[in-house]
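The next block holds one structure in the form of structure tokens; read it before the comments.
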Amino acid sequence: MKITSSLFGIALLLSICFVACKKNDISQPATPKENQDPIDEKYLAKIEKLGFKRSSVKCYDSVFVVENDIIIAKKFLDTFRIPVVNPNDRHAHSDQSLSFNNIRIYASDAWWSNATYYSALNRAVYEWNAAGSNLNFHILFQTDQGIDWNLIFTSLPGTTLASADFPGVPDLNGVPGYNILVNQNYINALGLTSNQISWILTHEMGHMLGLRHTDWDINGEPNSQDGLWVGGNYFPNITVHDPSSVMMAVFNRNTNNGNVLLSSYDKLAVNTLYPLNCNLQTYINRSSVESSGSASGTLYPSYRGPVSLVEWQITNSATGYNYTSTDSDIEFQVPSLAPGTYVFRTRITTPTCVSSWASKTITIQ
């Protein structure tokens, strides 16, 4: 919290500087230097630490212009030092967190048809589901049910393996929506194993939950990126350095085989942000239109915590069909259904809670 407050102070100080610079600029318009010399690295580093792209920096005599319309005086940068309050290399989270606990992750054909990546994804999802928090992660192969996160294979700059967004900042990695971008060609060129890819995916999913790099403060990472505010807040119940964290900033393929994903402190962090409670949410993982063959498979409750009872109802108002099931077994075998329109309903009972009914209308062709 102290670091967040300090950076708000930085923003205020910068705003004063920017206003003063703009006033001077109006009366005496600055012109860009012709044949500019390379900008001194010390200025670029400070501008970058303030959350701006160094690639956008232009030099105008005694000032720099970043992102086309923000002016920073050289005199300001010469004297300015970014305050860091007791950097201690420990877990932290962004200002915002998820407002829902069922997370639907869309994996396209390119994912589930690739055994290495699909296995890595399943392992990452299983790891987060097993962390004991109030979150439930699900892999979807259709988008008609709505999705929360999207997995995208794409090229990324430099040696970037993957990139993700933070809660409340959906376009942070440059692609609209909440996405995990994966540099498949580069990962393949490195020859990473499925376990190592799983580590990378688990890491990026952590960002999507609001977890910062465990060593973010030691690395001097800012609280904003490209003008978008993320925030950085320490966990009060995690006061030690955690070198085993899956949220460490750097992945070393020579020393990290990916066999271990979440550390005990990673699990404590996600349980602190999303403690298990009785606000249970469920949904029915079936398309709105199914063939008679695919509809009669096995269904599972979307909630992944301890379950005492699972109730299912399938009704067809046109024919009067009514099927019910109550069982402690999480597997539910859908009966053979004739073509028609059915309403599927389900709810779960845990040792301490009863969920509301989830409902979905499904047409059997």
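Residues in the structure tokens are named by chain (A, B, ... in the order shown) and by number from 1 within that chain; ligands are numbered from 1 in the order shown.
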- Residues within 10 Å of Asp165 in chain A, only C-alpha atoms, excluding chain neighbours under 2 positions, as a list in words: Trp149, Ser163, Pro167, Gly168, Val169, Pro170, Asp171, Leu172, Asn173, Gly174, Val175, Pro176, Gly177, Tyr178, Asn179, Ile180, Leu181, Glu204, Met205, Gly206, His207, Met208, Leu209, Gly210 and Val230 of chain A
Neighbour list for Gly146 in chain A as a CSV table (one decimal) with N, CA, C and O atoms, in the first residue's frame, cut-off 12 Å, only C-alpha atoms, skip fewer than 2 positions in-chain:
chain,number,residue,atom,x,y,z
A,102,ASN,N,-16.5,-18.6,-11.6
A,102,ASN,CA,-16.4,-19.6,-12.7
A,102,ASN,C,-15.7,-19.0,-13.9
A,102,ASN,O,-16.2,-18.0,-14.5
A,103,ILE,N,-14.5,-19.5,-14.2
A,103,ILE,CA,-13.7,-18.9,-15.3
A,103,ILE,C,-13.7,-19.9,-16.5
A,103,ILE,O,-13.2,-21.0,-16.4
A,104,ARG,N,-14.3,-19.4,-17.6
A,104,ARG,CA,-14.4,-20.2,-18.8
A,104,ARG,C,-13.3,-19.8,-19.7
A,104,ARG,O,-13.2,-18.7,-20.2
A,105,ILE,N,-12.4,-20.8,-20.0
A,105,ILE,CA,-11.3,-20.6,-20.8
A,105,ILE,C,-11.5,-21.2,-22.2
A,105,ILE,O,-11.6,-22.4,-22.3
A,106,TYR,N,-11.5,-20.4,-23.2
A,106,TYR,CA,-11.7,-20.9,-24.6
A,106,TYR,C,-10.4,-21.4,-25.2
A,106,TYR,O,-9.4,-20.7,-25.3
A,138,HIS,N,-12.5,-23.8,-16.2
A,138,HIS,CA,-13.1,-24.8,-17.1
A,138,HIS,C,-12.5,-24.5,-18.5
A,138,HIS,O,-12.4,-23.3,-18.9
A,139,ILE,N,-12.2,-25.5,-19.2
A,139,ILE,CA,-11.8,-25.4,-20.6
A,139,ILE,C,-13.0,-25.6,-21.5
A,139,ILE,O,-13.7,-26.6,-21.4
A,140,LEU,N,-13.3,-24.6,-22.4
A,140,LEU,CA,-14.4,-24.7,-23.4
A,140,LEU,C,-13.8,-24.8,-24.8
A,140,LEU,O,-12.8,-24.3,-25.1
A,141,PHE,N,-14.6,-25.5,-25.6
A,141,PHE,CA,-14.2,-25.7,-27.0
A,141,PHE,C,-15.2,-25.0,-28.0
A,141,PHE,O,-15.0,-25.1,-29.2
A,142,GLN,N,-16.2,-24.4,-27.4
A,142,GLN,CA,-17.2,-23.6,-28.2
A,142,GLN,C,-17.3,-22.3,-27.5
A,142,GLN,O,-17.0,-22.2,-26.3
A,143,THR,N,-17.7,-21.3,-28.2
A,143,THR,CA,-17.9,-20.0,-27.7
A,143,THR,C,-19.4,-19.6,-27.5
A,143,THR,O,-19.6,-18.5,-27.0
A,144,ASP,N,-20.3,-20.5,-27.8
A,144,ASP,CA,-21.7,-20.1,-27.7
A,144,ASP,C,-22.2,-20.0,-26.3
A,144,ASP,O,-23.2,-19.3,-26.0
A,148,ASP,N,-14.7,-16.3,-20.8
A,148,ASP,CA,-14.0,-15.2,-20.0
A,148,ASP,C,-12.6,-15.0,-20.4
A,148,ASP,O,-12.2,-13.8,-20.4
A,149,TRP,N,-11.9,-16.0,-20.7
A,149,TRP,CA,-10.5,-15.8,-21.2
A,149,TRP,C,-10.3,-16.6,-22.5
A,149,TRP,O,-11.0,-17.6,-22.8
A,150,ASN,N,-9.4,-16.1,-23.3
A,150,ASN,CA,-9.2,-16.7,-24.6
A,150,ASN,C,-7.7,-17.0,-24.7
A,150,ASN,O,-6.8,-16.2,-24.3
A,283,TYR,N,-22.5,-23.8,-13.7
A,283,TYR,CA,-23.1,-23.6,-15.0
A,283,TYR,C,-23.0,-24.9,-15.7
A,283,TYR,O,-22.3,-25.9,-15.3
A,284,ILE,N,-23.7,-25.1,-16.8
A,284,ILE,CA,-23.8,-26.4,-17.6
A,284,ILE,C,-23.0,-26.3,-18.8
A,284,ILE,O,-23.3,-25.5,-19.7
A,285,ASN,N,-22.0,-27.1,-18.9
A,285,ASN,CA,-21.0,-27.1,-20.0
A,285,ASN,C,-21.5,-27.9,-21.1
A,285,ASN,O,-21.0,-29.0,-21.4
A,286,ARG,N,-22.5,-27.4,-21.8
A,286,ARG,CA,-23.1,-28.0,-23.0
A,286,ARG,C,-23.5,-26.9,-24.0
A,286,ARG,O,-23.9,-25.9,-23.6
A,287,SER,N,-23.3,-27.2,-25.3
A,287,SER,CA,-23.8,-26.3,-26.3
A,287,SER,C,-25.3,-26.2,-26.3
A,287,SER,O,-26.0,-27.1,-25.8
A,288,SER,N,-25.8,-25.1,-26.8
A,288,SER,CA,-27.2,-24.9,-26.8
A,288,SER,C,-27.9,-25.7,-27.8
A,288,SER,O,-29.1,-25.9,-27.8
- Query: Looking only at the backbone, which of the residues in range 127-344 of chain A does DSSP tag as helix (DSSP H, G or I), as a PyMOL selection string?
  - Reply: chain A and resi 127-129+184-190+194-209+264-273+292-295
- Spatial neighbours of Leu77 in chain A, 9 Å, only C-alpha atoms, chain gap at least 4 places, as a list in words: Lys42, Tyr43, Lys46, Ile47, Ile72, Ala73 and Arg81 of chain A
- Counting only C-alpha atoms, figure out which residue out of A:Pro243, A:Gly51, A:Gly191, A:Gly227 gets nearest to His213 in chain A. A:Pro243
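Comparing the minimum interatomic distances between Thr193 in chain A and each of A:Thr352, A:Gln225, A:Asn219, A:Thr116, counting only C-alpha atoms, we find that A:Thr116 sits nearest.
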- Have a look at CA of Phe80 in chain A and CA of Val65 in chain A and let me know their distance in Å, one decimal. 16.8 Å
Given only C-alpha atoms, how would the per-residue table for range 210-260 of chain A near range 194-201 of chain A read, listing every residue at most 6 Å away with its closest atom pair and distance in Å to one decimal, sorted by chain and number, as CSV?
residue,atom,partner,partner_atom,distance
A:Asn257,CA,A:Gln196,CA,5.7
A:Gly258,CA,A:Gln196,CA,4.2
A:Asn259,CA,A:Asn195,CA,6.0
I need the residues from that last selection saved to file as a PDB file, in the first residue's frame (with N, CA and C atoms), if you can.
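Output saved as selection.pdb:
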ATOM      1  N   ASN A 257      12.378 -27.302 -14.760  1.00  0.00           N
ATOM      2  CA  ASN A 257      11.801 -28.349 -15.612  1.00  0.00           C
ATOM      3  C   ASN A 257      10.276 -28.333 -15.611  1.00  0.00           C
ATOM      4  N   GLY A 258       9.682 -27.443 -14.824  1.00  0.00           N
ATOM      5  CA  GLY A 258       8.227 -27.331 -14.806  1.00  0.00           C
ATOM      6  C   GLY A 258       7.522 -28.428 -14.040  1.00  0.00           C
ATOM      7  N   ASN A 259       8.273 -29.255 -13.325  1.00  0.00           N
ATOM      8  CA  ASN A 259       7.639 -30.352 -12.586  1.00  0.00           C
ATOM      9  C   ASN A 259       6.825 -29.845 -11.401  1.00  0.00           C
TER      10      ASN A 259
END
- Task: Tell me which of A:Lys74, A:Phe251, A:Thr350, A:Ala269 sits closest to Thr159 in chain A, counting only C-alpha atoms.
- Result: A:Phe251
- Task: Would you mind reading off the distance between CA of Pro222 in chain A and CA of Pro38 in chain A, one decimal, in Å?
- Result: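 Between CA of Pro222 in chain A and CA of Pro38 in chain A the gap works out to 24.1 Å.
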- Item | Distance criterion (only C-alpha atoms): nearest to Glu127 in chain A out of A:Trp357, A:Lys267, A:Tyr274, A:Ser308 | A:Lys267
- Message: Can you tell me which residues surround Val57 in chain A at a distance of at most 8 Å, considering only C-alpha atoms, apart from same-chain residues fewer than 2 positions away, and format the answer as a list of chain:residue names?
- Response: A:Leu44, A:Lys53, A:Arg54, A:Ser55, A:Cys59, A:Phe64, A:Val65, A:Val66, A:Glu67
Go ahead and write the residues just picked, N, CA and C atoms, as a short mmCIF file (atom, residue, chain, number, x, y, z; two decimals), in the first residue's frame.
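Written output follows (result29.cif):
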data_model
loop_
_atom_site.label_atom_id
_atom_site.label_comp_id
_atom_site.auth_asym_id
_atom_site.auth_seq_id
_atom_site.Cartn_x
_atom_site.Cartn_y
_atom_site.Cartn_z
N LEU A 44 15.79 7.38 -20.99
CA LEU A 44 14.87 6.34 -21.46
C LEU A 44 14.47 5.41 -20.32
N LYS A 53 6.16 3.93 -22.94
CA LYS A 53 6.98 3.20 -23.90
C LYS A 53 8.18 4.04 -24.32
N ARG A 54 9.36 3.44 -24.25
CA ARG A 54 10.54 4.18 -24.68
C ARG A 54 10.55 4.39 -26.19
N SER A 55 9.86 3.52 -26.92
CA SER A 55 9.84 3.64 -28.38
C SER A 55 9.10 4.88 -28.84
N CYS A 59 12.71 13.79 -28.66
CA CYS A 59 13.45 14.84 -27.97
C CYS A 59 13.17 16.19 -28.61
N PHE A 64 11.11 16.10 -23.34
CA PHE A 64 10.79 14.89 -24.09
C PHE A 64 9.27 14.83 -24.25
N VAL A 65 8.83 14.33 -25.39
CA VAL A 65 7.41 14.07 -25.61
C VAL A 65 7.24 12.56 -25.72
N VAL A 66 6.34 12.01 -24.90
CA VAL A 66 6.08 10.58 -24.94
C VAL A 66 4.62 10.36 -25.29
N GLU A 67 4.38 9.30 -26.06
CA GLU A 67 3.03 8.93 -26.47
C GLU A 67 2.29 10.12 -27.10
#
- Task: Write down as a PyMOL selection string the residues belonging to range 252-318 of chain A that are assigned strand (DSSP E) by DSSP computed on the backbone.
- Result: chain A and resi 289-290+298-299+309-316
- Item | Coordinates-based distance that separates CA of Tyr265 in chain A from CA of Asn122 in chain A (Å, one decimal) | 21.8 Å
